[in-house]
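Okay, target.csv is below, CSV, C-alpha atoms:
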```csv
chain,number,residue,atom,x,y,z
A,1,MET,CA,-41.3,14.4,-22.3
A,2,LYS,CA,-43.0,10.9,-22.0
A,3,LYS,CA,-45.8,11.0,-19.5
A,4,THR,CA,-46.7,7.3,-19.2
A,5,THR,CA,-49.8,7.2,-17.0
A,6,LEU,CA,-51.1,4.4,-14.8
A,7,VAL,CA,-54.9,4.4,-14.4
A,8,ILE,CA,-55.8,2.7,-11.1
A,9,GLY,CA,-59.5,1.7,-10.9
A,10,ALA,CA,-59.8,1.1,-14.6
A,11,SER,CA,-63.1,-0.2,-16.0
A,12,VAL,CA,-64.3,-1.6,-19.3
A,13,LYS,CA,-67.7,0.1,-18.7
A,14,PRO,CA,-67.9,3.1,-21.1
A,15,GLU,CA,-69.9,5.2,-18.6
A,16,ARG,CA,-67.0,5.1,-16.0
A,17,TYR,CA,-64.7,8.1,-15.9
A,18,SER,CA,-61.7,5.8,-15.7
A,19,ASN,CA,-62.7,4.4,-19.1
A,20,LYS,CA,-63.2,7.9,-20.5
A,21,ALA,CA,-59.8,8.9,-19.2
A,22,ILE,CA,-58.0,5.9,-20.8
A,23,LYS,CA,-59.6,6.8,-24.2
A,24,ARG,CA,-58.7,10.5,-23.9
A,25,LEU,CA,-55.1,9.7,-22.8
A,26,VAL,CA,-54.6,7.3,-25.7
A,27,GLY,CA,-56.2,10.0,-28.0
A,28,LYS,CA,-53.5,12.4,-26.8
A,29,ASP,CA,-50.8,9.8,-27.6
A,30,ILE,CA,-49.9,9.3,-24.0
A,31,GLU,CA,-48.8,5.7,-23.1
A,32,VAL,CA,-51.3,4.2,-20.7
A,33,LYS,CA,-51.1,1.3,-18.2
A,34,ALA,CA,-54.2,0.2,-16.3
A,35,ILE,CA,-55.2,-1.7,-13.2
A,36,GLY,CA,-58.7,-2.7,-12.4
A,37,LEU,CA,-60.8,-5.3,-10.6
A,38,ARG,CA,-61.4,-7.2,-13.9
A,39,THR,CA,-59.3,-7.7,-17.0
A,40,GLY,CA,-60.4,-6.2,-20.2
A,41,ILE,CA,-59.3,-3.9,-23.0
A,42,VAL,CA,-60.1,-0.2,-23.5
A,43,ALA,CA,-58.7,1.6,-26.5
A,44,GLU,CA,-56.1,-1.2,-27.0
A,45,VAL,CA,-55.0,-0.8,-23.4
A,46,ASN,CA,-55.0,-4.0,-21.3
A,47,ILE,CA,-56.5,-3.7,-17.9
A,48,ASP,CA,-54.4,-5.8,-15.5
A,49,THR,CA,-55.7,-7.1,-12.2
A,50,GLU,CA,-52.3,-7.6,-10.6
A,51,LEU,CA,-49.9,-4.9,-9.3
A,52,LYS,CA,-47.1,-5.1,-11.9
A,53,PRO,CA,-43.7,-3.4,-11.2
A,54,TYR,CA,-44.1,-0.9,-14.0
A,55,LYS,CA,-41.1,1.3,-14.8
A,56,ASP,CA,-41.0,5.0,-15.7
A,57,ILE,CA,-44.6,5.8,-14.7
A,58,HIS,CA,-44.9,9.6,-14.8
A,59,THR,CA,-48.4,9.9,-13.5
A,60,VAL,CA,-50.8,7.8,-11.5
A,61,THR,CA,-54.4,8.8,-11.8
A,62,LEU,CA,-56.8,7.4,-9.2
A,63,TYR,CA,-60.3,6.2,-9.7
A,64,LEU,CA,-60.6,4.4,-6.3
A,65,ASN,CA,-62.5,5.6,-3.2
A,66,PRO,CA,-60.2,6.4,-0.3
A,67,SER,CA,-61.1,3.3,1.7
A,68,ARG,CA,-59.9,1.1,-1.2
A,69,GLN,CA,-56.7,3.1,-1.7
A,70,LYS,CA,-54.9,1.8,1.4
A,71,ASP,CA,-54.0,-1.5,-0.4
A,72,TYR,CA,-52.2,0.6,-3.0
A,73,TYR,CA,-50.2,3.0,-0.8
A,74,ASP,CA,-46.9,1.1,-0.9
A,75,TYR,CA,-47.3,0.0,-4.5
A,76,ILE,CA,-47.8,3.5,-5.8
A,77,ILE,CA,-45.0,5.0,-3.6
A,78,ASN,CA,-42.6,2.3,-4.8
A,79,LEU,CA,-43.4,3.1,-8.4
A,80,ARG,CA,-41.9,6.6,-7.7
A,81,PRO,CA,-44.2,8.5,-10.1
A,82,GLU,CA,-43.7,12.2,-10.7
A,83,ARG,CA,-47.3,12.9,-9.5
A,84,VAL,CA,-50.5,11.3,-8.4
A,85,ILE,CA,-53.9,12.7,-9.4
A,86,PHE,CA,-56.8,12.4,-7.1
A,87,ASN,CA,-59.9,12.6,-9.3
A,88,PRO,CA,-63.2,13.8,-7.8
A,89,GLY,CA,-64.4,11.4,-5.1
A,90,THR,CA,-60.9,10.0,-4.5
A,91,GLU,CA,-59.6,12.8,-2.2
A,92,ASN,CA,-57.6,11.2,0.6
A,93,HIS,CA,-55.6,13.5,3.0
A,94,GLU,CA,-53.8,10.5,4.6
A,95,PHE,CA,-52.4,9.3,1.3
A,96,LEU,CA,-51.8,12.9,0.1
A,97,LYS,CA,-49.6,13.4,3.1
A,98,LEU,CA,-47.7,10.1,2.6
A,99,LEU,CA,-47.0,11.0,-1.0
A,100,GLN,CA,-45.8,14.5,-0.2
A,101,GLU,CA,-43.4,13.1,2.4
A,102,GLU,CA,-42.0,11.0,-0.4
A,103,ASN,CA,-41.6,14.1,-2.6
A,104,ILE,CA,-44.2,12.9,-5.0
A,105,ALA,CA,-46.3,15.7,-6.4
A,106,THR,CA,-50.1,15.4,-5.8
A,107,GLU,CA,-53.0,17.1,-7.5
A,108,VAL,CA,-56.7,17.0,-6.5
A,109,ALA,CA,-58.1,17.5,-10.0
A,110,CYS,CA,-60.0,15.8,-12.8
A,111,THR,CA,-57.8,14.1,-15.4
A,112,LEU,CA,-60.4,14.7,-18.1
A,113,VAL,CA,-60.5,18.4,-17.3
A,114,LEU,CA,-56.7,18.6,-17.2
A,115,LEU,CA,-56.5,16.9,-20.6
A,116,GLY,CA,-59.3,19.1,-22.0
A,117,THR,CA,-57.7,22.3,-21.0
A,118,GLY,CA,-54.1,21.4,-22.0
A,119,GLN,CA,-52.9,21.3,-18.3
A,120,TYR,CA,-51.9,17.7,-18.3
```

Could you render the structure as structure tokens?
Amino acid sequence: MKKTTLVIGASVKPERYSNKAIKRLVGKDIEVKAIGLRTGIVAEVNIDTELKPYKDIHTVTLYLNPSRQKDYYDYIINLRPERVIFNPGTENHEFLKLLQEENIATEVACTLVLLGTGQY
């Protein structure tokens, strides 16, 4: 099953966890889309700054603090992903509830750990 993943909060800075996640996802042959504050390229993945109407997104993995997530609520819900992963520091009970009401699975987990343990 294709698990195209959208990384929101993507960064070209190698020390950022979003950057590490993009590299690890690509290394696992998972198709990756990315949105960040600045354009750039990580592991041949373009980081977009606009909210594109992507199709067939399986997973959205968040690297945005809860206060910045509000601008993305409708966008993410309208993508209709199978699941949204709240990485450490992104936990947001308000958004979790909205997603669950839309029957979108949620996980409070670390994408890097899920990939490393084969649970992705």

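Restricting the calculation to all atoms listed in the file, the smallest distance between Phe86 (chain A) and any of A:Leu98, A:Ile104, A:Ile47, A:Leu62 is found for A:Leu62.
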
The centre and edge lengths of an axis-aligned box containing all atoms of region 14-20 of chain A present in the file, extended by 8 Å on each side, are to be given in Å to one decimal, as JSON.
```
{"center_x": -65.8, "center_y": 5.6, "center_z": -18.4, "size_x": 24.2, "size_y": 21.0, "size_z": 21.4}
```

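Using all atoms listed in the file, every residue with an atom at most 12 Å from the point (-55.9, 21.4, -14.2) is listed here: Ile85, Phe86, Asn87, Thr106, Glu107, Val108, Ala109, Cys110, Thr111, Leu112, Val113, Leu114, Leu115, Gly116, Thr117, Gly118, Gln119 and Tyr120 of chain A.
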
| Which distance in Å separates CA of His93 (chain A) and CA of Asp48 (chain A), to one decimal? | 26.8 Å

| field | Ile8 (chain A) environment, 9 Å, all atoms listed in the file, sequence neighbours closer than 6 positions dropped, as a PyMOL selection string | value | chain A and resi 18+33-36+60-64

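Minimum atom-to-atom distance to Thr90 (chain A), evaluated using all atoms listed in the file, belongs to A:Pro66 out of A:Gly40, A:Tyr73, A:Pro66, A:Ile22.
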
| query | What is the CA of Asp56 (chain A)-CA of Asp71 (chain A) distance in Å, reported with one decimal? | reply | 21.1 Å

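We find CA of Lys20 (chain A) and CA of Lys97 (chain A) to be spaced 27.8 Å apart.
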